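Colleague: This is the content of upload-v8.txt (compact mmCIF, C-alpha atoms):
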```txt
# COMPACT_ATOMS: atom_id res chain seq x y z
CA MET A 1 39.82 64.09 134.49
CA GLN A 2 40.67 65.83 137.74
CA VAL A 3 43.14 64.41 140.26
CA SER A 4 44.00 65.46 143.81
CA VAL A 5 46.65 63.72 145.87
CA GLU A 6 46.74 63.49 149.66
CA THR A 7 49.93 62.40 151.40
CA THR A 8 48.82 60.30 154.36
CA SER A 9 52.31 58.93 155.21
CA PRO A 10 55.79 58.95 153.65
CA ILE A 11 54.84 55.83 151.68
CA GLU A 12 51.07 56.22 151.19
CA ARG A 13 49.05 58.42 148.86
CA VAL A 14 45.30 58.77 148.45
CA LEU A 15 44.24 59.88 144.98
CA THR A 16 40.80 61.35 144.46
CA ILE A 17 39.91 61.08 140.79
CA THR A 18 36.95 62.66 139.03
CA VAL A 19 35.96 61.54 135.54
CA PRO A 20 33.45 63.57 133.44
CA ALA A 21 30.08 61.92 132.91
CA ALA A 22 30.52 62.34 129.15
CA ARG A 23 33.47 59.92 129.17
CA ILE A 24 31.40 57.35 131.02
CA GLU A 25 28.51 57.68 128.60
CA GLU A 26 30.84 57.44 125.63
CA LYS A 27 32.31 54.21 126.99
CA VAL A 28 28.86 52.78 127.82
CA ASN A 29 27.43 53.63 124.38
CA SER A 30 30.45 52.08 122.69
CA GLU A 31 30.03 48.85 124.68
CA VAL A 32 26.27 48.80 124.02
CA ALA A 33 26.87 49.15 120.28
CA SER A 34 29.49 46.39 120.37
CA THR A 35 27.14 44.10 122.29
CA ALA A 36 24.31 44.79 119.83
CA LYS A 37 26.44 43.52 116.96
CA LYS A 38 27.13 40.21 118.72
CA ALA A 39 23.96 39.59 120.74
CA GLN A 40 21.57 36.79 119.83
CA ILE A 41 18.07 37.50 121.12
CA ASP A 42 14.92 35.68 120.12
CA GLY A 43 12.91 37.67 117.58
CA PHE A 44 15.92 39.53 116.18
CA ARG A 45 18.54 38.67 113.63
CA LYS A 46 22.13 38.66 114.85
CA GLY A 47 23.52 42.18 114.60
CA LYS A 48 20.08 43.75 114.24
CA VAL A 49 19.05 43.97 117.88
CA PRO A 50 17.91 47.54 118.69
CA VAL A 51 20.11 49.50 121.09
CA SER A 52 17.09 50.14 123.32
CA VAL A 53 16.62 46.39 123.79
CA ILE A 54 20.33 45.92 124.62
CA LYS A 55 20.20 48.75 127.18
CA LYS A 56 17.10 47.33 128.80
CA ARG A 57 18.48 43.80 129.06
CA TYR A 58 22.20 44.38 129.60
CA GLY A 59 22.53 48.07 130.36
CA GLN A 60 23.24 47.85 134.08
CA GLY A 61 25.93 45.18 133.67
CA ILE A 62 27.52 47.05 130.78
CA ARG A 63 27.63 50.26 132.81
CA MET A 64 29.27 48.58 135.80
CA GLU A 65 31.91 46.96 133.62
CA ALA A 66 32.53 50.28 131.87
CA VAL A 67 32.89 52.09 135.21
CA GLU A 68 35.33 49.48 136.50
CA GLN A 69 37.42 49.69 133.32
CA ILE A 70 37.48 53.48 133.40
CA MET A 71 38.56 53.46 137.06
CA ARG A 72 41.46 51.16 136.18
CA ASP A 73 42.43 53.27 133.16
CA THR A 74 42.15 56.65 134.85
CA TYR A 75 44.05 55.37 137.91
CA MET A 76 46.99 54.53 135.66
CA GLU A 77 46.66 57.91 133.90
CA ALA A 78 46.63 59.66 137.30
CA LEU A 79 49.83 57.89 138.38
CA GLN A 80 51.57 59.08 135.25
CA GLN A 81 50.15 62.59 135.54
CA GLU A 82 51.29 62.93 139.18
CA SER A 83 54.62 61.11 138.61
CA LEU A 84 53.86 58.50 141.27
CA GLN A 85 55.61 55.14 141.41
CA PRO A 86 53.33 52.56 143.06
CA ALA A 87 54.83 49.84 145.25
CA GLY A 88 51.81 47.57 145.16
CA MET A 89 48.19 47.27 144.10
CA PRO A 90 45.77 50.09 145.01
CA SER A 91 42.67 49.95 147.14
CA ILE A 92 39.97 51.57 144.98
CA GLU A 93 36.69 52.83 146.43
CA PRO A 94 33.93 54.42 144.30
CA LYS A 95 32.40 57.59 145.78
CA ASN A 96 29.84 58.44 143.11
CA PHE A 97 28.94 56.54 139.98
CA ALA A 98 25.32 57.59 139.51
CA GLU A 99 24.16 57.60 135.91
CA GLY A 100 24.43 61.01 134.30
CA GLU A 101 26.85 62.34 136.96
CA ASP A 102 30.63 62.60 137.07
CA LEU A 103 32.39 59.47 138.33
CA GLU A 104 34.37 60.04 141.52
CA PHE A 105 36.54 57.48 143.28
CA THR A 106 39.54 57.25 145.57
CA ALA A 107 42.61 55.07 145.15
CA LYS A 108 44.81 54.42 148.18
CA VAL A 109 48.23 53.19 147.17
CA GLU A 110 51.69 52.71 148.67
CA VAL A 111 54.56 54.37 146.84
CA TYR A 112 58.31 53.91 146.95
CA PRO A 113 59.79 56.08 149.70
CA GLU A 114 62.06 59.01 149.03
CA ILE A 115 65.36 57.93 150.57
CA THR A 116 68.17 60.14 151.77
CA LEU A 117 71.08 57.78 152.39
CA ALA A 118 73.11 58.21 155.54
CA ASP A 119 76.84 58.81 155.09
CA PRO A 120 78.31 55.39 154.21
CA SER A 121 81.53 56.29 156.02
CA ALA A 122 79.59 55.43 159.20
CA ILE A 123 79.58 51.77 158.17
CA THR A 124 82.10 49.63 160.10
CA VAL A 125 82.94 46.13 158.91
CA SER A 126 85.39 43.32 159.55
CA ARG A 127 87.00 42.00 156.37
CA VAL A 128 88.15 38.39 156.57
CA THR A 129 91.47 37.46 155.00
CA SER A 130 92.54 33.85 154.68
CA ASP A 131 94.65 31.44 152.63
CA VAL A 132 94.49 27.73 151.88
CA THR A 133 97.55 26.10 153.42
CA ASP A 134 99.15 22.74 152.68
CA ALA A 135 97.78 21.53 156.01
CA ASP A 136 94.27 22.54 154.93
CA VAL A 137 94.68 20.50 151.74
CA ASP A 138 95.93 17.54 153.78
CA THR A 139 92.85 17.77 156.00
CA MET A 140 90.56 17.85 152.99
CA LEU A 141 92.29 14.83 151.43
CA GLU A 142 91.87 12.98 154.71
CA THR A 143 88.15 13.87 154.63
CA LEU A 144 87.90 12.48 151.09
CA ARG A 145 89.56 9.26 152.22
CA LYS A 146 87.10 8.86 155.09
CA GLN A 147 84.16 9.60 152.82
CA ASN A 148 85.28 6.73 150.61
CA ALA A 149 86.02 4.35 153.48
CA ASP A 150 84.60 0.86 153.90
CA TRP A 151 83.38 -0.73 157.12
CA ALA A 152 84.62 -4.13 158.31
CA PRO A 153 82.81 -6.07 161.10
CA VAL A 154 84.92 -6.72 164.21
CA GLU A 155 84.53 -8.96 167.27
CA ARG A 156 85.48 -6.46 169.97
CA GLU A 157 83.99 -3.70 172.07
CA ALA A 158 82.64 -0.67 170.21
CA ALA A 159 85.04 2.27 170.28
CA ASP A 160 84.86 5.90 169.27
CA GLY A 161 84.80 6.13 165.48
CA ASP A 162 83.27 2.69 164.98
CA GLN A 163 80.00 2.17 163.14
CA VAL A 164 77.42 0.21 165.11
CA THR A 165 74.22 -1.31 163.76
CA ILE A 166 71.58 -1.18 166.47
CA ASP A 167 67.91 -1.78 167.27
CA PHE A 168 66.44 0.55 169.88
CA VAL A 169 63.21 1.61 171.55
CA GLY A 170 62.77 4.85 173.52
CA TYR A 171 60.54 5.20 176.59
CA LEU A 172 59.09 8.08 178.58
CA GLY A 173 58.50 6.37 181.86
CA ASP A 174 57.03 2.96 180.96
CA GLU A 175 55.51 4.09 177.66
CA ALA A 176 57.30 3.85 174.32
CA PHE A 177 57.03 7.18 172.49
CA GLU A 178 56.31 7.74 168.81
CA GLY A 179 59.38 8.12 166.62
CA GLY A 180 61.70 6.71 169.27
CA ALA A 181 62.32 3.28 167.76
CA ALA A 182 64.37 1.89 164.88
CA GLU A 183 65.76 -1.40 163.59
CA GLY A 184 69.04 -1.85 161.77
CA HIS A 185 70.04 1.76 162.42
CA LYS A 186 73.68 2.49 161.52
CA LEU A 187 75.42 4.99 163.77
CA VAL A 188 79.02 6.22 163.83
CA LEU A 189 80.04 6.69 167.44
CA GLY A 190 81.40 10.17 168.00
CA SER A 191 79.46 11.68 165.09
CA ASN A 192 77.19 13.51 167.56
CA THR A 193 74.14 12.88 165.38
CA MET A 194 72.08 11.59 168.31
CA ILE A 195 71.02 13.40 171.47
CA PRO A 196 73.71 13.88 174.15
CA GLY A 197 74.50 10.70 176.05
CA PHE A 198 73.11 8.28 173.46
CA GLU A 199 76.36 7.51 171.65
CA THR A 200 78.55 7.45 174.76
CA GLY A 201 76.08 4.97 176.25
CA ILE A 202 77.00 2.47 173.53
CA LEU A 203 80.79 2.73 173.90
CA GLY A 204 82.28 -0.58 175.03
CA ALA A 205 79.30 -2.66 173.89
CA LYS A 206 79.78 -5.91 171.95
CA VAL A 207 77.69 -7.66 169.32
CA ALA A 208 74.39 -9.04 170.72
CA GLU A 209 74.79 -7.03 173.92
CA GLU A 210 71.70 -5.29 175.27
CA ARG A 211 71.92 -2.00 177.09
CA THR A 212 69.50 0.41 178.74
CA ILE A 213 70.65 4.02 178.86
CA SER A 214 69.11 7.16 180.35
CA VAL A 215 69.29 10.48 178.50
CA THR A 216 67.67 13.91 178.66
CA PHE A 217 66.33 15.58 175.54
CA PRO A 218 67.69 19.12 174.97
CA ASP A 219 65.43 22.05 175.83
CA ASP A 220 65.54 23.14 172.17
CA TYR A 221 64.69 19.69 170.75
CA GLN A 222 62.46 19.87 167.68
CA ALA A 223 59.68 17.65 169.06
CA GLU A 224 57.65 19.73 171.51
CA ASN A 225 56.55 16.71 173.57
CA LEU A 226 60.16 15.66 174.20
CA LYS A 227 61.84 18.96 175.06
CA GLY A 228 63.75 18.64 178.35
CA LYS A 229 62.25 15.22 179.07
CA GLU A 230 64.18 12.32 180.62
CA ALA A 231 63.97 9.13 178.58
CA THR A 232 65.39 5.62 178.55
CA PHE A 233 66.45 3.66 175.50
CA LYS A 234 66.69 -0.11 175.28
CA ILE A 235 69.42 -0.85 172.75
CA THR A 236 70.58 -4.09 171.13
CA VAL A 237 73.88 -4.08 169.22
CA ALA A 238 73.67 -6.12 166.01
CA GLU A 239 77.11 -5.28 164.58
CA VAL A 240 80.30 -3.38 165.37
CA ALA A 241 82.40 -2.31 162.38
CA GLU A 242 85.65 -0.39 162.11
CA GLN A 243 86.49 2.06 159.39
CA ILE A 244 88.90 0.94 156.66
CA VAL A 245 90.28 4.10 155.11
CA PRO A 246 91.80 3.72 151.61
CA GLU A 247 95.41 4.64 151.00
CA LEU A 248 96.09 7.97 149.30
CA ASN A 249 97.58 6.65 146.07
CA ASP A 250 97.00 6.74 142.33
CA ALA A 251 94.44 3.92 142.53
CA PHE A 252 92.38 6.00 144.98
CA VAL A 253 92.64 9.07 142.73
CA GLU A 254 91.09 7.16 139.80
CA LYS A 255 87.70 7.40 141.55
CA PHE A 256 87.55 11.14 140.90
CA GLY A 257 87.75 11.04 137.09
CA LEU A 258 90.69 13.41 136.68
CA GLU A 259 92.54 13.54 133.37
CA GLU A 260 95.73 12.68 135.25
CA ALA A 261 95.14 10.08 137.97
CA THR A 262 97.98 11.04 140.31
CA VAL A 263 98.07 12.19 143.91
CA GLU A 264 99.71 15.44 142.79
CA ALA A 265 96.86 16.12 140.34
CA LEU A 266 94.27 15.44 143.04
CA ARG A 267 96.04 17.81 145.44
CA ALA A 268 96.03 20.52 142.78
CA GLU A 269 92.34 20.01 142.02
CA VAL A 270 91.42 19.99 145.70
CA ARG A 271 93.38 23.19 146.33
CA LYS A 272 91.73 24.89 143.34
CA ASN A 273 88.26 24.00 144.64
CA MET A 274 89.16 25.10 148.17
CA ASP A 275 90.51 28.41 146.87
CA ARG A 276 87.25 28.99 144.99
CA GLU A 277 85.13 28.09 148.02
CA LEU A 278 87.23 30.31 150.27
CA ASN A 279 87.01 33.25 147.89
CA GLN A 280 83.23 32.92 147.64
CA ALA A 281 82.82 32.63 151.41
CA VAL A 282 85.02 35.66 152.14
CA LYS A 283 83.22 37.77 149.54
CA ALA A 284 79.82 36.72 150.86
CA LYS A 285 80.74 37.58 154.45
CA LEU A 286 82.06 40.99 153.42
CA LYS A 287 78.94 41.71 151.37
CA ASN A 288 76.61 40.65 154.19
CA SER A 289 78.57 42.72 156.69
CA LEU A 290 78.44 45.80 154.47
CA PHE A 291 74.74 45.40 153.77
CA ASP A 292 74.01 44.92 157.48
CA GLY A 293 75.91 48.15 158.07
CA LEU A 294 73.93 49.90 155.34
CA LEU A 295 70.72 48.78 157.04
CA SER A 296 71.86 49.85 160.49
CA ILE A 297 72.64 53.43 159.47
CA ASN A 298 69.40 53.74 157.47
CA ASN A 299 67.02 51.97 159.83
CA GLU A 300 64.36 54.70 159.64
CA VAL A 301 63.43 53.87 156.05
CA GLN A 302 59.78 52.84 155.77
CA VAL A 303 59.01 49.83 153.61
CA PRO A 304 55.78 49.45 151.60
CA SER A 305 53.83 46.40 152.73
CA GLY A 306 53.45 45.28 149.11
CA LEU A 307 57.21 44.83 148.81
CA VAL A 308 57.31 42.89 152.08
CA ASP A 309 54.50 40.65 150.83
CA GLN A 310 56.51 39.88 147.68
CA GLU A 311 59.50 38.86 149.80
CA VAL A 312 57.27 36.72 152.05
CA ASP A 313 56.03 34.86 148.96
CA ALA A 314 59.61 34.35 147.74
CA LEU A 315 60.72 33.02 151.13
CA ARG A 316 57.69 30.72 151.28
CA LYS A 317 58.60 29.24 147.91
CA GLN A 318 62.21 28.72 149.03
CA ALA A 319 61.03 26.96 152.17
CA GLY A 320 58.64 24.82 150.15
CA GLN A 321 61.39 23.75 147.76
CA GLN A 322 63.74 22.99 150.63
CA PHE A 323 61.38 20.99 152.79
CA GLY A 324 58.51 19.78 150.69
CA GLY A 325 59.35 19.91 147.01
CA GLN A 326 56.83 20.83 144.33
CA ASP A 327 53.93 19.07 146.04
CA PHE A 328 54.23 21.11 149.23
CA ASP A 329 51.47 23.72 149.73
CA VAL A 330 53.47 26.80 150.74
CA SER A 331 50.27 28.67 151.63
CA GLN A 332 50.19 26.54 154.79
CA LEU A 333 53.26 28.39 156.08
CA PRO A 334 52.18 31.45 158.14
CA ALA A 335 53.43 34.78 156.84
CA GLU A 336 54.62 35.61 160.37
CA LEU A 337 57.41 33.04 160.01
CA PHE A 338 59.02 35.16 157.29
CA GLN A 339 57.92 38.68 158.22
CA GLU A 340 61.15 39.84 159.86
CA GLU A 341 63.45 38.48 157.15
CA ALA A 342 61.10 39.67 154.39
CA THR A 343 61.06 43.21 155.81
CA LYS A 344 64.85 43.22 156.01
CA ARG A 345 65.20 42.02 152.42
CA ALA A 346 62.69 44.56 151.12
CA LYS A 347 64.39 47.42 152.95
CA LEU A 348 67.81 46.31 151.76
CA GLY A 349 66.54 46.18 148.17
CA LEU A 350 65.37 49.78 148.45
CA LEU A 351 68.71 50.90 149.88
CA ILE A 352 70.75 49.06 147.26
CA SER A 353 68.64 50.62 144.51
CA GLU A 354 69.25 54.04 146.02
CA VAL A 355 73.02 53.47 146.15
CA ILE A 356 72.92 52.48 142.48
CA LYS A 357 70.82 55.54 141.62
CA GLN A 358 72.80 58.10 143.59
CA ASN A 359 76.15 56.84 142.29
CA ASP A 360 74.87 56.29 138.74
CA LEU A 361 76.21 52.73 138.73
CA LYS A 362 75.93 50.91 135.40
CA LEU A 363 76.09 47.15 134.96
CA ASP A 364 79.62 46.09 133.98
CA ASP A 365 79.25 43.51 131.20
CA ASP A 366 82.88 42.41 131.57
CA ARG A 367 82.23 41.56 135.20
CA VAL A 368 79.13 39.60 134.21
CA ARG A 369 81.26 37.51 131.85
CA ALA A 370 83.95 37.02 134.50
CA PHE A 371 81.28 36.04 137.06
CA LEU A 372 79.89 33.40 134.70
CA GLU A 373 83.32 32.03 133.86
CA ASP A 374 84.26 31.69 137.53
CA MET A 375 80.95 30.03 138.40
CA ALA A 376 81.23 27.63 135.46
CA GLN A 377 84.63 26.32 136.53
CA SER A 378 83.01 23.98 139.05
CA TYR A 379 81.22 22.13 136.20
CA GLN A 380 82.61 19.53 133.81
CA GLU A 381 81.59 21.52 130.72
CA PRO A 382 82.13 25.19 131.67
CA GLN A 383 81.31 26.63 128.24
CA GLN A 384 77.94 24.88 128.15
CA VAL A 385 77.06 26.48 131.49
CA ILE A 386 78.10 29.93 130.25
CA ASP A 387 76.08 29.53 127.04
CA TYR A 388 73.05 28.38 129.02
CA TYR A 389 73.04 31.52 131.15
CA LEU A 390 73.66 33.82 128.21
CA LYS A 391 70.67 32.36 126.35
CA ASN A 392 68.31 32.25 129.35
CA LYS A 393 67.03 35.75 130.15
CA GLU A 394 65.72 34.89 133.62
CA GLN A 395 68.91 33.14 134.73
CA LEU A 396 71.09 35.86 133.19
CA SER A 397 69.06 38.52 135.01
CA GLN A 398 69.90 36.85 138.33
CA VAL A 399 73.60 36.91 137.48
CA GLN A 400 73.39 40.55 136.44
CA SER A 401 71.72 41.43 139.76
CA ALA A 402 74.50 39.62 141.64
CA VAL A 403 77.17 41.51 139.70
CA LEU A 404 75.44 44.84 140.30
CA GLU A 405 75.39 44.00 144.02
CA GLU A 406 79.16 43.42 143.78
CA GLN A 407 79.53 46.89 142.27
CA VAL A 408 77.50 48.32 145.18
CA VAL A 409 79.86 46.52 147.57
CA ASP A 410 82.86 48.11 145.86
CA LYS A 411 81.26 51.54 146.13
CA LEU A 412 80.52 51.11 149.84
CA LEU A 413 84.07 49.89 150.48
CA GLU A 414 85.44 53.19 149.22
CA THR A 415 84.29 54.98 152.39
CA ALA A 416 83.43 52.26 154.94
CA GLN A 417 85.62 51.79 158.02
CA ILE A 418 87.31 48.43 157.55
CA THR A 419 89.16 46.19 160.00
CA ASP A 420 91.00 43.21 158.50
CA VAL A 421 90.71 39.93 160.42
CA THR A 422 92.86 36.92 159.54
CA LEU A 423 91.20 33.52 159.94
CA GLY A 424 92.15 29.96 159.16
CA TYR A 425 90.42 28.23 156.26
CA GLU A 426 87.85 26.31 158.34
CA ASP A 427 86.76 29.40 160.28
CA ALA A 428 86.73 31.55 157.15
CA ILE A 429 84.32 29.28 155.24
CA LYS A 430 82.11 28.59 158.25
CA PRO A 431 78.57 29.99 157.79
CA GLU A 432 78.03 33.15 159.81
CA ALA A 433 75.12 31.70 161.78
CA GLN A 434 77.20 28.68 162.80
CA ALA A 435 80.19 30.83 163.74
CA GLU A 436 77.94 33.09 165.83
CA LYS A 437 76.37 30.12 167.61
CA GLU A 438 79.76 28.58 168.39
CA GLY A 439 80.97 31.92 169.68
CA GLN A 440 78.02 32.13 172.07
CA GLU A 441 78.63 28.60 173.32
CA ALA A 442 82.35 29.14 173.85
```
Would you mind writing the file out in structure tokens?
Modeller:
Amino acid sequence: MQVSVETTSPIERVLTITVPAARIEEKVNSEVASTAKKAQIDGFRKGKVPVSVIKKRYGQGIRMEAVEQIMRDTYMEALQQESLQPAGMPSIEPKNFAEGEDLEFTAKVEVYPEITLADPSAITVSRVTSDVTDADVDTMLETLRKQNADWAPVEREAADGDQVTIDFVGYLGDEAFEGGAAEGHKLVLGSNTMIPGFETGILGAKVAEERTISVTFPDDYQAENLKGKEATFKITVAEVAEQIVPELNDAFVEKFGLEEATVEALRAEVRKNMDRELNQAVKAKLKNSLFDGLLSINNEVQVPSGLVDQEVDALRKQAGQQFGGQDFDVSQLPAELFQEEATKRAKLGLLISEVIKQNDLKLDDDRVRAFLEDMAQSYQEPQQVIDYYLKNKEQLSQVQSAVLEEQVVDKLLETAQITDVTLGYEDAIKPEAQAEKEGQEA
């Protein structure tokens, strides 16, 4: 077998492979002999069919299958011979496969790029620091009280914070529009779950009162036919109810199934959960910031399309699980929706792998155990969760990848330029996208 390699780009190679005719004939003769032993042809006993008959009847098909198999085999041999690491499936094109002549074919394949990492000291990040205060715990306890509140009907005007039960119909001009009507809809005034102007238009209304309000749909509204449109809603109030918030006492605490049903025990449990959430949020923001910095200083790295395609498939599946469940056909989602994020994820994966390689990072088993123990604390039976992950190779592999990413973060922190920023609890746990949006609106 002869192999020549042409470098057509930093991530693409074209292999030209020549296989001696003798190897083809040997493979064909072997397959013919094997077929003769199994073939059942009228006039011959099984296993006694002459080779000449097999060649005449099946020879062309046998040769094509043999050629295809040899191309697959010799392609893999060529990769090993040339020390190439493919990043996807090849595009194979036969050049000559005439009987009695050497087989020649080309295989175009993307390979993993050779990466020279930029100096990580060029990375600049903001590191969030934060603590859970007594006031933060008080706020969370108040939230728990409201989440467990009851609603009591009242005979007065609807006020901010009340829950109203309404029937409504929406109109564009004189025509009711699809999806703009509901009966028995419960709405907490001030929750801002409806379009601007809808909830304020109900303030002051009483039971059985009918109102017509005018609103304008936002320019970024999800329904294309309603974006920026003026609409009117005819609303009938069926009920006004005020919130009855339970007292923070031992009887209230019993709902949460703590071993000790006291307010002090609930405060301690709430603080522990908030501390865990805060720690996870701060670590995630630092990791994302560092990885964004790693991408920004290595933005010239080329990414094989095969790796991007894998990430597109993964993102499609995530979207399908989030919006449609198992019955949702993710192939309906265009690849373009995920292309940018998929490319970013594929490039980041290459860079993280290179950091691991260049710094000879090895998975820390003690950190894997600590990671599992911390994660399991949010479950009622922590040890069962730990045992589950330790016995499930796929799940354990995901944890190991997360821990190795943490080790990459630690390595990058050794040289990155860091600015510490102190935030309150609410701002510290706020998702980055939400914080960015609020910052733009401010």
Colleague: Using only C-alpha atoms, which of A:Lys55, A:Lys38, A:Arg23, A:Lys317 sits nearest Asp102 in chain A?
Modeller: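 Of the candidates, the smallest distance to Asp102 in chain A is held by A:Arg23.
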Colleague: Give me the residues within 12 Å of range 284-296 of chain A as a VMD selection string, counting all atoms listed in the file and dropping any in the same chain fewer than 4 places off.
Modeller: chain A and resid 117 to 129 277 to 280 300 to 302 343 to 352 354 to 355 402 to 403 405 to 421 427 to 433 435
Colleague: Go ahead and compute the interatomic distance for CA of Leu84 in chain A and CA of Ile70 in chain A, in Å to one decimal.
Modeller: 18.9 Å
Colleague: Quick one, how far is CA of Gln85 in chain A from CA of Ser331 in chain A?
Modeller: 28.9 Å
Colleague: Quick one: of A:Gly320, A:Ser401, A:Ser9, A:Arg276, who's nearest to Met375 in chain A, counting only C-alpha atoms?
Modeller: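 Ranked by minimum distance to Met375 in chain A, first place goes to A:Arg276.
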Colleague: Please measure the separation of CA of Arg72 in chain A and CA of Val111 in chain A, giving the value in Å to one decimal.
Modeller: 17.2 Å
Colleague: Hey, what's within 12 Å of Glu68 in chain A if we count only C-alpha atoms and toss same-chain stuff fewer than 5 positions away? As a list in words, please?
Modeller: Ile24, Lys27, Val28, Gly61, Ile62, Arg63, Asp73, Thr74, Tyr75, Ile92, Glu93, Pro94, Phe97, Leu103, Glu104 and Phe105 of chain A
Colleague: Find the spatial neighbours of range 162-166 of chain A, counting only C-alpha atoms, within a cut-off of 12 Å - ignore same-chain residues fewer than 5 positions away - and output them as a PyMOL selection string.
Modeller: chain A and resi 149-157+181-191+198-200+202-211+233-244
Colleague: Counting all atoms listed in the file, figure out which residue out of A:Leu404, A:Ala261, A:Ile356, A:Val132 gets nearest to Leu423 in chain A.
Modeller: A:Val132
Colleague: Show which residues sit within 8 Å of Ile195 in chain A, as a JSON list (two decimals) with C-alpha atoms, keeping the file's coordinate frame. Count only C-alpha atoms, and ignore same-chain residues fewer than 6 positions away.
Modeller:
```json
[["chain", "number", "residue", "atom", "x", "y", "z"],
["A", 215, "VAL", "CA", 69.29, 10.48, 178.50],
["A", 216, "THR", "CA", 67.67, 13.91, 178.66],
["A", 217, "PHE", "CA", 66.33, 15.58, 175.54],
["A", 218, "PRO", "CA", 67.69, 19.12, 174.97]]
```
Colleague: When you look at Gly173 in chain A with a cut-off of 12 Å (counting all atoms listed in the file), what residues show up, excluding the ones that are within fewer than 3 positions of it in the same chain? I need them as a ChimeraX atom specification.
Modeller: /A:170,176-177,214,229-233
Colleague: Which is closer to Gln147 in chain A than all the others in A:Val53, A:Ala39, A:Val368, A:Val245, using all atoms listed in the file?
Modeller: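 Among A:Val53, A:Ala39, A:Val368, A:Val245, it is A:Val245 that comes nearest to Gln147 in chain A.
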Colleague: Take the point (60.3, 28.6, 150.3) in the file's coordinates, draw a sphere of radius 12 Å around it, and report as a ChimeraX atom specification every protein, DNA or RNA residue with an atom inside or on it, counting all atoms listed in the file.
Modeller: /A:311-326,328-335,337-338,342
Colleague: Put those residues in a file: C-alpha atoms, as a CSV table (one decimal), in the coordinates of the input.
Modeller:
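Saved the output as again-v3.csv:
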```csv
chain,number,residue,atom,x,y,z
A,311,GLU,CA,59.5,38.9,149.8
A,312,VAL,CA,57.3,36.7,152.0
A,313,ASP,CA,56.0,34.9,149.0
A,314,ALA,CA,59.6,34.4,147.7
A,315,LEU,CA,60.7,33.0,151.1
A,316,ARG,CA,57.7,30.7,151.3
A,317,LYS,CA,58.6,29.2,147.9
A,318,GLN,CA,62.2,28.7,149.0
A,319,ALA,CA,61.0,27.0,152.2
A,320,GLY,CA,58.6,24.8,150.2
A,321,GLN,CA,61.4,23.8,147.8
A,322,GLN,CA,63.7,23.0,150.6
A,323,PHE,CA,61.4,21.0,152.8
A,324,GLY,CA,58.5,19.8,150.7
A,325,GLY,CA,59.4,19.9,147.0
A,326,GLN,CA,56.8,20.8,144.3
A,328,PHE,CA,54.2,21.1,149.2
A,329,ASP,CA,51.5,23.7,149.7
A,330,VAL,CA,53.5,26.8,150.7
A,331,SER,CA,50.3,28.7,151.6
A,332,GLN,CA,50.2,26.5,154.8
A,333,LEU,CA,53.3,28.4,156.1
A,334,PRO,CA,52.2,31.4,158.1
A,335,ALA,CA,53.4,34.8,156.8
A,337,LEU,CA,57.4,33.0,160.0
A,338,PHE,CA,59.0,35.2,157.3
A,342,ALA,CA,61.1,39.7,154.4
```
Colleague: Find, counting all atoms listed in the file, the residue in A:Val109, A:Ala265, A:Leu172, A:Ile54 that gets nearest to Pro10 in chain A.
Modeller: A:Val109
